[in-house]
$ cat upload.txt   # compact mmCIF, C-alpha atoms and all ligand atoms
# COMPACT_ATOMS: atom_id res chain seq x y z
CA MET A 1 19.62 -16.04 -0.18
CA ARG A 2 17.93 -19.28 0.74
CA ILE A 3 14.92 -19.31 3.01
CA GLY A 4 13.84 -22.86 3.71
CA GLN A 5 13.40 -24.52 0.34
CA TYR A 6 13.08 -21.17 -1.47
CA GLU A 7 15.79 -19.31 -3.28
CA CYS A 8 15.13 -15.55 -3.04
CA PHE A 9 16.67 -12.86 -5.21
CA VAL A 10 16.91 -9.42 -3.66
CA SER A 11 17.88 -6.29 -5.57
CA PRO A 12 18.69 -3.13 -3.66
CA SER A 13 17.41 0.35 -4.50
CA ILE A 14 19.33 3.01 -2.63
CA GLY A 15 18.63 6.70 -2.12
CA ILE A 16 21.50 8.94 -1.09
CA ALA A 17 21.41 12.44 0.33
CA VAL A 18 24.51 14.42 1.15
CA SER A 19 24.41 16.60 4.24
CA ASP A 20 26.33 19.85 4.63
CA GLY A 21 25.39 19.87 8.28
CA ARG A 22 22.63 22.45 7.90
CA HIS A 23 19.71 20.08 7.43
CA SER A 24 17.70 18.45 10.17
CA ALA A 25 17.61 14.68 10.41
CA THR A 26 13.96 14.74 9.32
CA GLU A 27 14.78 16.76 6.22
CA LEU A 28 17.64 14.42 5.34
CA LEU A 29 15.44 11.37 5.74
CA LYS A 30 12.86 12.97 3.49
CA ARG A 31 15.52 13.54 0.84
CA VAL A 32 16.88 9.99 0.93
CA ASP A 33 13.33 8.77 0.69
CA LEU A 34 12.76 10.82 -2.47
CA ALA A 35 16.02 9.57 -3.95
CA LEU A 36 14.99 6.03 -3.04
CA TYR A 37 11.67 6.43 -4.87
CA ALA A 38 13.52 7.80 -7.90
CA ALA A 39 15.80 4.76 -7.84
CA LYS A 40 12.76 2.48 -7.80
CA ASP A 41 10.99 4.44 -10.53
CA ALA A 42 14.09 4.24 -12.70
CA GLY A 43 13.88 0.46 -12.62
CA ARG A 44 15.27 -0.54 -9.19
CA ASN A 45 18.60 -2.18 -8.46
CA ARG A 46 20.47 1.16 -8.52
CA THR A 47 21.45 4.18 -6.46
CA VAL A 48 20.20 7.74 -6.94
CA ILE A 49 21.66 10.82 -5.30
CA TYR A 50 19.16 13.44 -4.20
CA ASN A 51 18.90 16.70 -6.16
CA GLU A 52 16.41 19.55 -6.03
CA ALA A 53 14.74 18.65 -9.35
CA LEU A 54 13.81 15.26 -7.97
CA SER A 55 12.02 16.80 -5.09
CA ASP A 56 9.16 18.57 -6.90
CA ALA A 57 8.11 15.80 -9.27
CA ALA A 58 8.38 13.02 -6.73
CA ALA A 59 6.63 14.99 -4.03
CA SER A 60 3.64 15.91 -6.18
CA ARG A 61 3.39 12.36 -7.50
CA ARG A 62 3.35 10.99 -3.95
CA GLU A 63 0.86 13.61 -2.88
CA LEU A 64 -1.38 12.48 -5.73
CA GLU A 65 -1.03 8.86 -4.67
CA GLN A 66 -1.96 9.67 -1.08
CA ALA A 67 -4.90 11.75 -2.22
CA LEU A 68 -6.08 8.85 -4.38
CA ARG A 69 -5.84 6.46 -1.46
CA ARG A 70 -8.09 8.79 0.53
CA ALA A 71 -10.35 9.13 -2.50
CA LEU A 72 -10.86 5.35 -2.59
CA ASP A 73 -11.63 5.26 1.14
CA HIS A 74 -14.00 8.23 1.00
CA GLU A 75 -15.69 7.27 -2.26
CA GLU A 76 -14.70 10.41 -4.13
CA PHE A 77 -14.99 8.66 -7.47
CA VAL A 78 -17.97 9.07 -9.76
CA LEU A 79 -19.00 7.44 -13.00
CA HIS A 80 -20.05 9.34 -16.08
CA TYR A 81 -21.91 7.52 -18.82
CA GLN A 82 -21.59 7.90 -22.57
CA PRO A 83 -24.09 6.16 -24.88
CA GLN A 84 -23.35 3.91 -27.83
CA VAL A 85 -26.23 4.35 -30.25
CA ASN A 86 -27.53 2.13 -33.06
CA ALA A 87 -28.20 3.24 -36.65
CA GLN A 88 -31.50 4.78 -35.53
CA GLY A 89 -29.66 6.87 -32.93
CA GLU A 90 -31.09 4.89 -30.02
CA PRO A 91 -28.86 4.14 -27.04
CA GLU A 92 -28.10 0.48 -26.39
CA VAL A 93 -24.97 0.52 -24.28
CA MET A 94 -23.68 3.12 -21.84
CA GLU A 95 -19.92 3.20 -21.28
CA ALA A 96 -18.97 3.88 -17.66
CA LEU A 97 -16.10 6.38 -17.52
CA LEU A 98 -14.38 7.06 -14.24
CA ARG A 99 -13.86 10.56 -12.84
CA TRP A 100 -12.35 11.69 -9.57
CA ALA A 101 -14.47 14.34 -7.87
CA SER A 102 -11.63 15.66 -5.72
CA PRO A 103 -12.51 18.23 -3.06
CA ASP A 104 -9.23 20.06 -3.82
CA ARG A 105 -8.68 19.45 -7.50
CA GLY A 106 -12.18 19.42 -8.94
CA LEU A 107 -13.31 16.83 -11.47
CA VAL A 108 -10.14 15.03 -12.54
CA PRO A 109 -10.14 13.10 -15.87
CA PRO A 110 -8.95 9.48 -15.88
CA GLY A 111 -5.86 10.20 -18.00
CA VAL A 112 -4.38 11.99 -14.97
CA PHE A 113 -5.04 9.48 -12.22
CA ILE A 114 -5.43 6.04 -13.83
CA PRO A 115 -1.66 5.68 -14.42
CA VAL A 116 -1.10 6.45 -10.72
CA LEU A 117 -3.75 3.93 -9.68
CA GLU A 118 -2.03 1.40 -11.95
CA GLU A 119 1.49 2.03 -10.70
CA SER A 120 0.40 1.83 -7.08
CA GLY A 121 -1.74 -1.28 -7.50
CA MET A 122 -4.86 0.65 -6.38
CA ILE A 123 -6.42 0.04 -9.79
CA ILE A 124 -7.64 -3.36 -8.63
CA GLU A 125 -9.74 -1.77 -5.90
CA ALA A 126 -10.87 0.98 -8.28
CA THR A 127 -12.00 -1.54 -10.87
CA ARG A 128 -14.03 -3.39 -8.28
CA TRP A 129 -15.69 -0.13 -7.27
CA VAL A 130 -16.46 0.78 -10.90
CA PHE A 131 -17.86 -2.66 -11.63
CA ARG A 132 -20.06 -2.66 -8.52
CA GLU A 133 -21.34 0.83 -9.26
CA ALA A 134 -22.04 -0.16 -12.88
CA CYS A 135 -24.01 -3.22 -11.68
CA ARG A 136 -26.10 -0.99 -9.41
CA GLN A 137 -26.77 1.55 -12.15
CA ALA A 138 -27.68 -1.17 -14.66
CA CYS A 139 -30.19 -2.58 -12.16
CA ARG A 140 -31.67 0.90 -11.60
CA TRP A 141 -32.07 1.50 -15.33
CA HIS A 142 -33.56 -1.94 -15.88
CA ALA A 143 -36.01 -1.35 -13.02
CA MET A 144 -37.05 1.83 -14.85
CA GLY A 145 -37.65 -0.16 -18.02
CA HIS A 146 -34.47 0.85 -19.90
CA ALA A 147 -32.68 -2.25 -21.16
CA LEU A 148 -29.32 -0.47 -21.31
CA ARG A 149 -26.11 -2.46 -20.95
CA ILE A 150 -23.18 -0.84 -19.16
CA ALA A 151 -19.67 -1.22 -20.54
CA VAL A 152 -16.84 -1.26 -18.00
CA ASN A 153 -13.19 -0.63 -18.92
CA LEU A 154 -10.58 -3.00 -17.56
CA SER A 155 -6.96 -1.99 -17.07
CA PRO A 156 -4.18 -4.30 -18.27
CA LEU A 157 -3.00 -4.24 -14.66
CA ASP A 158 -6.28 -5.79 -13.49
CA PHE A 159 -5.09 -9.06 -14.97
CA ARG A 160 -2.22 -9.18 -12.47
CA GLN A 161 -4.82 -9.94 -9.83
CA ALA A 162 -4.98 -13.62 -9.00
CA ASP A 163 -8.72 -14.01 -9.44
CA LEU A 164 -10.12 -11.15 -11.51
CA ALA A 165 -12.92 -13.27 -12.96
CA GLY A 166 -13.96 -14.63 -9.55
CA SER A 167 -14.00 -11.18 -8.00
CA LEU A 168 -16.10 -9.61 -10.78
CA LEU A 169 -18.55 -12.52 -10.88
CA ALA A 170 -18.96 -12.34 -7.09
CA ILE A 171 -19.83 -8.62 -7.35
CA LEU A 172 -22.34 -9.38 -10.08
CA GLU A 173 -24.06 -11.87 -7.82
CA GLU A 174 -23.92 -9.66 -4.71
CA GLU A 175 -25.58 -6.84 -6.61
CA GLY A 176 -28.22 -9.09 -8.15
CA ALA A 177 -27.24 -8.04 -11.68
CA SER A 178 -27.12 -10.41 -14.62
CA ALA A 179 -24.10 -10.75 -16.87
CA SER A 180 -26.05 -9.61 -19.92
CA MET A 181 -26.55 -6.18 -18.29
CA LEU A 182 -22.81 -5.52 -18.53
CA GLU A 183 -19.94 -5.82 -20.92
CA LEU A 184 -16.18 -5.47 -20.63
CA GLU A 185 -13.76 -3.38 -22.67
CA VAL A 186 -10.17 -4.58 -22.80
CA THR A 187 -7.27 -2.92 -24.61
CA GLU A 188 -4.75 -4.84 -26.62
CA SER A 189 -1.98 -4.05 -24.17
CA ALA A 190 -3.77 -6.32 -21.67
CA LEU A 191 -3.37 -9.18 -24.12
CA LEU A 192 0.27 -8.58 -24.90
CA GLU A 193 1.27 -10.88 -22.11
CA ALA A 194 -1.27 -13.21 -23.66
CA ASP A 195 -0.50 -16.00 -21.31
CA GLU A 196 -2.58 -18.85 -20.03
CA HIS A 197 -3.78 -16.77 -17.07
CA VAL A 198 -5.25 -13.90 -19.17
CA GLN A 199 -6.83 -16.38 -21.53
CA GLN A 200 -8.43 -18.32 -18.68
CA THR A 201 -9.70 -15.15 -17.02
CA LEU A 202 -11.32 -13.86 -20.20
CA GLY A 203 -12.67 -17.32 -20.95
CA ARG A 204 -14.37 -17.53 -17.56
CA LEU A 205 -15.90 -14.06 -17.85
CA LYS A 206 -17.17 -14.85 -21.31
CA ALA A 207 -18.55 -18.22 -20.25
CA ALA A 208 -20.46 -16.40 -17.50
CA GLY A 209 -22.16 -14.35 -20.23
CA LEU A 210 -20.22 -11.08 -20.14
CA PRO A 211 -19.62 -9.76 -23.67
CA LEU A 212 -16.00 -8.76 -24.39
CA LEU A 213 -14.99 -5.86 -26.60
CA LEU A 214 -11.52 -4.96 -27.80
CA ASP A 215 -11.10 -1.22 -27.07
CA ASP A 216 -9.10 1.30 -29.12
CA PHE A 217 -8.85 -1.16 -32.01
CA GLY A 218 -6.19 -0.16 -34.52
CA THR A 219 -3.88 1.78 -32.22
CA GLY A 220 -2.07 -1.18 -30.76
CA TYR A 221 -1.13 -4.32 -32.52
CA ALA A 222 -4.58 -4.95 -33.99
CA SER A 223 -3.63 -8.54 -34.09
CA LEU A 224 -6.28 -10.74 -35.63
CA THR A 225 -5.03 -13.67 -33.60
CA TYR A 226 -6.23 -11.87 -30.44
CA LEU A 227 -9.72 -11.62 -31.84
CA GLN A 228 -9.76 -15.31 -32.52
CA ARG A 229 -7.91 -16.60 -29.52
CA PHE A 230 -9.92 -14.62 -26.99
CA ARG A 231 -13.21 -14.96 -28.85
CA PHE A 232 -14.11 -11.30 -28.63
CA ASP A 233 -17.69 -10.28 -29.27
CA GLY A 234 -16.75 -6.99 -30.85
CA ILE A 235 -14.25 -4.22 -31.43
CA LYS A 236 -14.23 -0.48 -30.87
CA ILE A 237 -12.58 1.41 -33.71
CA ASP A 238 -10.30 4.01 -32.17
CA ARG A 239 -11.29 7.64 -32.63
CA GLU A 240 -7.97 8.33 -34.36
CA PHE A 241 -9.42 6.62 -37.46
CA VAL A 242 -12.89 8.06 -37.09
CA SER A 243 -11.56 11.62 -36.91
CA GLY A 244 -10.19 11.34 -40.47
CA LEU A 245 -13.58 10.39 -41.94
CA PRO A 246 -14.72 10.93 -44.62
CA ASP A 247 -11.93 13.04 -46.16
CA SER A 248 -8.77 11.11 -45.41
CA GLU A 249 -8.36 8.32 -47.95
CA GLN A 250 -6.32 6.34 -45.49
CA SER A 251 -8.96 6.51 -42.74
CA VAL A 252 -11.66 5.59 -45.25
CA ALA A 253 -9.71 2.54 -46.41
CA LEU A 254 -8.88 1.43 -42.89
CA VAL A 255 -12.38 1.84 -41.50
CA ARG A 256 -13.96 0.09 -44.50
CA GLY A 257 -11.43 -2.72 -44.14
CA ILE A 258 -12.12 -3.11 -40.43
CA LEU A 259 -15.89 -3.14 -41.01
CA THR A 260 -15.61 -5.78 -43.73
CA MET A 261 -13.32 -7.95 -41.66
CA ALA A 262 -15.57 -7.64 -38.59
CA SER A 263 -18.68 -8.55 -40.52
CA HIS A 264 -16.99 -11.66 -41.93
CA LEU A 265 -15.84 -12.66 -38.46
CA GLY A 266 -19.28 -11.99 -36.99
CA LEU A 267 -17.97 -9.25 -34.71
CA HIS A 268 -19.95 -6.29 -33.43
CA VAL A 269 -18.36 -2.90 -34.17
CA VAL A 270 -18.55 0.37 -32.26
CA ALA A 271 -16.98 3.49 -33.79
CA GLU A 272 -15.55 5.76 -31.09
CA GLY A 273 -15.19 9.52 -31.16
CA VAL A 274 -17.93 10.35 -33.67
CA GLU A 275 -18.02 14.14 -33.52
CA ASN A 276 -20.17 15.21 -36.48
CA GLU A 277 -22.91 14.11 -38.84
CA ARG A 278 -20.53 13.60 -41.80
CA GLN A 279 -18.61 10.98 -39.85
CA ALA A 280 -21.83 9.42 -38.59
CA ALA A 281 -23.31 9.26 -42.10
CA PHE A 282 -20.19 7.61 -43.52
CA LEU A 283 -20.17 5.01 -40.78
CA ARG A 284 -23.88 4.22 -41.07
CA LEU A 285 -23.59 3.97 -44.85
CA ASN A 286 -20.74 1.49 -44.48
CA GLY A 287 -22.73 -0.67 -42.10
CA CYS A 288 -21.21 0.27 -38.74
CA PRO A 289 -23.83 -0.95 -36.27
CA SER A 290 -22.92 1.20 -33.28
CA LEU A 291 -21.68 4.77 -32.85
CA GLN A 292 -20.32 6.66 -29.88
CA GLY A 293 -19.05 10.20 -29.55
CA PHE A 294 -19.67 13.84 -28.68
CA HIS A 295 -22.01 14.07 -31.70
CA TYR A 296 -24.52 12.05 -29.70
CA ALA A 297 -23.61 12.81 -26.12
CA ARG A 298 -20.68 13.66 -23.90
CA PRO A 299 -20.06 11.48 -20.87
CA GLN A 300 -22.48 12.63 -18.14
CA PRO A 301 -23.49 11.58 -14.64
CA ALA A 302 -26.35 9.07 -14.79
CA ALA A 303 -28.88 11.62 -13.58
CA GLN A 304 -28.04 14.03 -16.41
CA CYS A 305 -28.07 11.61 -19.34
CA ARG A 306 -30.64 12.82 -21.85
CA LEU A 307 -31.35 10.28 -24.54
CA GLN A 308 -33.86 9.58 -27.26
CA GLN A 309 -35.72 6.41 -28.08
CA ASN A 310 -38.14 6.14 -31.02
CA GLY A 311 -37.55 9.84 -31.61
CA ARG A 312 -38.84 10.70 -28.13
CA PRO A 313 -36.66 11.85 -25.27
CA ILE A 314 -36.32 9.25 -22.56
CA ASN A 315 -35.74 10.23 -19.01
CA LEU A 316 -32.96 8.31 -17.32
CA GLN A 317 -33.41 10.02 -14.01
CA LEU A 318 -34.60 8.15 -11.02
CA PRO A 319 -37.84 9.04 -9.34
CA LEU A 320 -37.25 11.62 -6.58
CA ASP A 321 -36.58 9.22 -3.75
CA GLY A 322 -33.87 7.46 -5.83
P1 LIG B 1 -11.74 4.87 -23.68
O1 LIG B 1 -12.26 3.66 -22.98
O2 LIG B 1 -11.29 4.68 -25.09
O3 LIG B 1 -12.87 5.95 -23.54
C1 LIG B 1 -13.21 6.87 -24.52
C2 LIG B 1 -12.65 8.23 -24.21
O4 LIG B 1 -12.90 9.07 -25.35
C3 LIG B 1 -13.34 8.93 -23.03
O5 LIG B 1 -12.38 9.78 -22.43
C4 LIG B 1 -14.38 9.79 -23.72
O6 LIG B 1 -14.77 10.90 -22.97
C5 LIG B 1 -13.63 10.21 -24.96
N1 LIG B 1 -14.56 10.54 -26.05
C6 LIG B 1 -15.78 10.03 -26.29
N2 LIG B 1 -16.34 10.55 -27.38
C7 LIG B 1 -15.45 11.43 -27.88
C8 LIG B 1 -15.44 12.31 -29.03
O7 LIG B 1 -16.40 12.38 -29.80
N3 LIG B 1 -14.33 13.06 -29.22
C9 LIG B 1 -13.28 13.01 -28.37
N4 LIG B 1 -12.22 13.80 -28.64
N5 LIG B 1 -13.23 12.20 -27.29
C10 LIG B 1 -14.31 11.43 -27.05
P2 LIG B 1 -12.14 9.71 -20.86
O8 LIG B 1 -13.43 9.61 -20.16
O9 LIG B 1 -11.22 10.84 -20.55
O10 LIG B 1 -11.38 8.34 -20.70
C11 LIG B 1 -10.10 8.14 -21.23
C12 LIG B 1 -9.65 6.71 -20.99
O11 LIG B 1 -9.51 6.45 -19.60
C13 LIG B 1 -10.64 5.67 -21.49
O12 LIG B 1 -10.53 5.50 -22.86
C14 LIG B 1 -10.21 4.46 -20.68
O13 LIG B 1 -9.11 3.82 -21.30
C15 LIG B 1 -9.74 5.08 -19.39
N6 LIG B 1 -10.79 4.88 -18.39
C16 LIG B 1 -11.90 5.60 -18.15
N7 LIG B 1 -12.63 5.05 -17.14
C17 LIG B 1 -11.98 3.94 -16.76
C18 LIG B 1 -12.22 2.92 -15.77
O14 LIG B 1 -13.23 2.89 -15.05
N8 LIG B 1 -11.28 1.92 -15.66
C19 LIG B 1 -10.18 1.87 -16.46
N9 LIG B 1 -9.32 0.88 -16.28
N10 LIG B 1 -9.93 2.80 -17.39
C20 LIG B 1 -10.81 3.82 -17.55
MG MG B 2 -13.46 2.19 -23.38
MG MG B 3 -11.54 3.54 -26.53

$ encode --input "upload.txt" --output "structure tokens"
Amino acid sequence: MRIGQYECFVSPSIGIAVSDGRHSATELLKRVDLALYAAKDAGRNRTVIYNEALSDAAASRRELEQALRRALDHEEFVLHYQPQVNAQGEPEVMEALLRWASPDRGLVPPGVFIPVLEESGMIIEATRWVFREACRQACRWHAMGHALRIAVNLSPLDFRQADLAGSLLAILEEEGASASMLELEVTESALLEADEHVQQTLGRLKAAGLPLLLDDFGTGYASLTYLQRFRFDGIKIDREFVSGLPDSEQSVALVRGILTMASHLGLHVVAEGVENERQAAFLRLNGCPSLQGFHYARPQPAAQCRLQQNGRPINLQLPLDG
């Protein structure tokens, strides 16, 4: 249809429920609604007829979405922090990892709710919350004398936002944090639609002084052109490769290759998912500058992070009054 000078394309998604006369109007409307959602989930522009199987999955998914909306309003999210340590085992960067402290469901891991935040568009608000909270925590740690940087994960869906860079830089300023206190982790899937817009956004964030790291390196397309085009500061080797160290010949070859390439390109490297000393020793020996994993620490709330510096435990807790 034409509206003014615009030509609009409209595709219908239709849910159908068949009544045998025993259901109330409300119940029928609920069923068509579920069928409608299924039609949209299946890619839109189609019809779906209600059946019982649809009901459970769709209902619990929608329940989750509603609960997440409340969670955003009521600040039920918390950040846990996991250190990235240098060759001496000292923490330099803390990665902020999102958890949902749900009153009904307990502490929910991000794998469960991030896809729902992404599908519903709520991820944009969630990312802003994470980034603001990370700025505040970085300022607290700096005020306590710990020059720890905080790494924040971005979702590929964050780049759909018109002004991601502007919104993050505004938060940085509002919270009085400096760009060097933070860094951003981006997965390759965010770069797949490597259009002008993504490139500009990353360029602006980088120009403002925020280091960029390519997360889960090796699982996606591991395209070297991304590293060059987006001028990444570093890569995080996915734990899939680290877990095979030092026994799997393939993992050894891959990790050595990645480390050599990174050092030639002047890229920082973090190895993810280091779970034991054998893996850590291999990585250190091969010149990996930064290590992260359960071997050093599990993700923890800021107040419970126990870390060492110069062989002495450092206390990351705030003084009592916070
Ligand atoms: P990621 O960014 O690759 O984060 C690393 C994940 O590996 C974390 O899981 C961490 O707990 C886990 N991990 C760390 N060390 C080890 C280890 O030694 N062994 C094993 N087996 N696992 C280890 P988590 O916290 O469940 O996060 C999963 C993913 O969820 C993250 O992967 C990230 O992609 C996403 N995520 C987490 N927080 C956020 C966020 O604030 N925003 C966005 N967009 N995504 C987030
Ligand atoms: Mg990450
Ligand atoms: Mg990762």

$ residues_near_ligand --input "upload.txt" --ligand "ligand MG 3 (chain B)" --cutoff "9 Å" --atoms "all atoms listed in the file" --output "list of chain:residue names"
A:Asn153, A:Glu185, A:Thr187, A:Leu214, A:Asp215, A:Asp216, A:Phe217, A:Lys236, A:Ile237, A:Asp238, A:Arg239, A:Glu272, A:Gly273

$ atom_distance --input "upload.txt" --atom1 "atom CA of A:Ala302" --atom2 "atom CA of A:Ala165"
26.1 Å

$ residues_near_ligand --input "upload.txt" --ligand "ligand LIG 1 (chain B)" --cutoff "7 Å" --atoms "only C-alpha atoms and all ligand atoms" --output "ChimeraX atom specification"
/A:96-98,109-111,114,127,130,152-155,215-216,272-275,292-295,298-299

$ atom_distance --input "upload.txt" --atom1 "atom CA of A:Arg136" --atom2 "atom CA of A:Val198"
26.4 Å

$ atom_distance --input "upload.txt" --atom1 "atom CA of A:Asp73" --atom2 "atom CA of A:Pro115"
18.5 Å

$ axis_aligned_box --input "upload.txt" --around "stretch 127-140 of chain A" --padding-each-side "6 Å" --output "lines of an AutoDock Vina configuration file"
center_x = -21.8
center_y = -0.9
center_z = -11.0
size_x = 31.7
size_y = 16.9
size_z = 19.4

$ residues_around --input "upload.txt" --residues "A:Leu213" --least-positions-apart "2" --cutoff "8 Å" --atoms "only C-alpha atoms" --output "PyMOL selection string"
chain A and resi 183-186+211+215+232-236

$ residues_around --input "upload.txt" --residues "A:Ala170" --least-positions-apart "4" --cutoff "12 Å" --atoms "all atoms listed in the file" --output "MDAnalysis selection string"
chainID A and resid 128 131:132 135 163:166 174:179 205 208

$ closest_residue --input "upload.txt" --among "A:Gly21, A:Pro289, A:Gly203, A:Pro301" --to "A:Ala271" --atoms "all atoms listed in the file"
A:Pro289

$ residues_near_point --input "upload.txt" --point "(-25.9, 10.7, -27.0)" --cutoff "10 Å" --atoms "only C-alpha atoms" --output "list in words"
Tyr81, Gln82, Pro83, Gln84, Val85, Gly89, Glu90, Pro91, Met94, Leu291, Gln292, Gly293, Phe294, His295, Tyr296, Ala297, Arg298, Pro299, Gln300, Cys305, Arg306, Leu307 and Gln308 of chain A

$ closest_residue --input "upload.txt" --among "A:Leu29, A:Leu210, A:Ala151, A:Ile3" --to "ligand MG 2 (chain B)" --atoms "all atoms listed in the file"
A:Ala151

$ residues_around --input "upload.txt" --residues "A:Leu34" --least-positions-apart "4" --cutoff "10 Å" --atoms "all atoms listed in the file" --output "JSON list (two decimals) with C-alpha atoms, keeping the file's coordinate frame"
[["chain", "number", "residue", "atom", "x", "y", "z"],
["A", 15, "GLY", "CA", 18.63, 6.70, -2.12],
["A", 16, "ILE", "CA", 21.50, 8.94, -1.09],
["A", 17, "ALA", "CA", 21.41, 12.44, 0.33],
["A", 28, "LEU", "CA", 17.64, 14.42, 5.34],
["A", 29, "LEU", "CA", 15.44, 11.37, 5.74],
["A", 30, "LYS", "CA", 12.86, 12.97, 3.49],
["A", 38, "ALA", "CA", 13.52, 7.80, -7.90],
["A", 39, "ALA", "CA", 15.80, 4.76, -7.84],
["A", 40, "LYS", "CA", 12.76, 2.48, -7.80],
["A", 48, "VAL", "CA", 20.20, 7.74, -6.94],
["A", 49, "ILE", "CA", 21.66, 10.82, -5.30],
["A", 50, "TYR", "CA", 19.16, 13.44, -4.20],
["A", 51, "ASN", "CA", 18.90, 16.70, -6.16],
["A", 54, "LEU", "CA", 13.81, 15.26, -7.97],
["A", 55, "SER", "CA", 12.02, 16.80, -5.09],
["A", 56, "ASP", "CA", 9.16, 18.57, -6.90],
["A", 57, "ALA", "CA", 8.11, 15.80, -9.27],
["A", 58, "ALA", "CA", 8.38, 13.02, -6.73],
["A", 59, "ALA", "CA", 6.63, 14.99, -4.03],
["A", 62, "ARG", "CA", 3.35, 10.99, -3.95]]

$ closest_residue --input "upload.txt" --among "A:Leu168, A:Leu68, A:Arg44, A:Glu196" --to "A:Arg105" --atoms "all atoms listed in the file"
A:Leu68
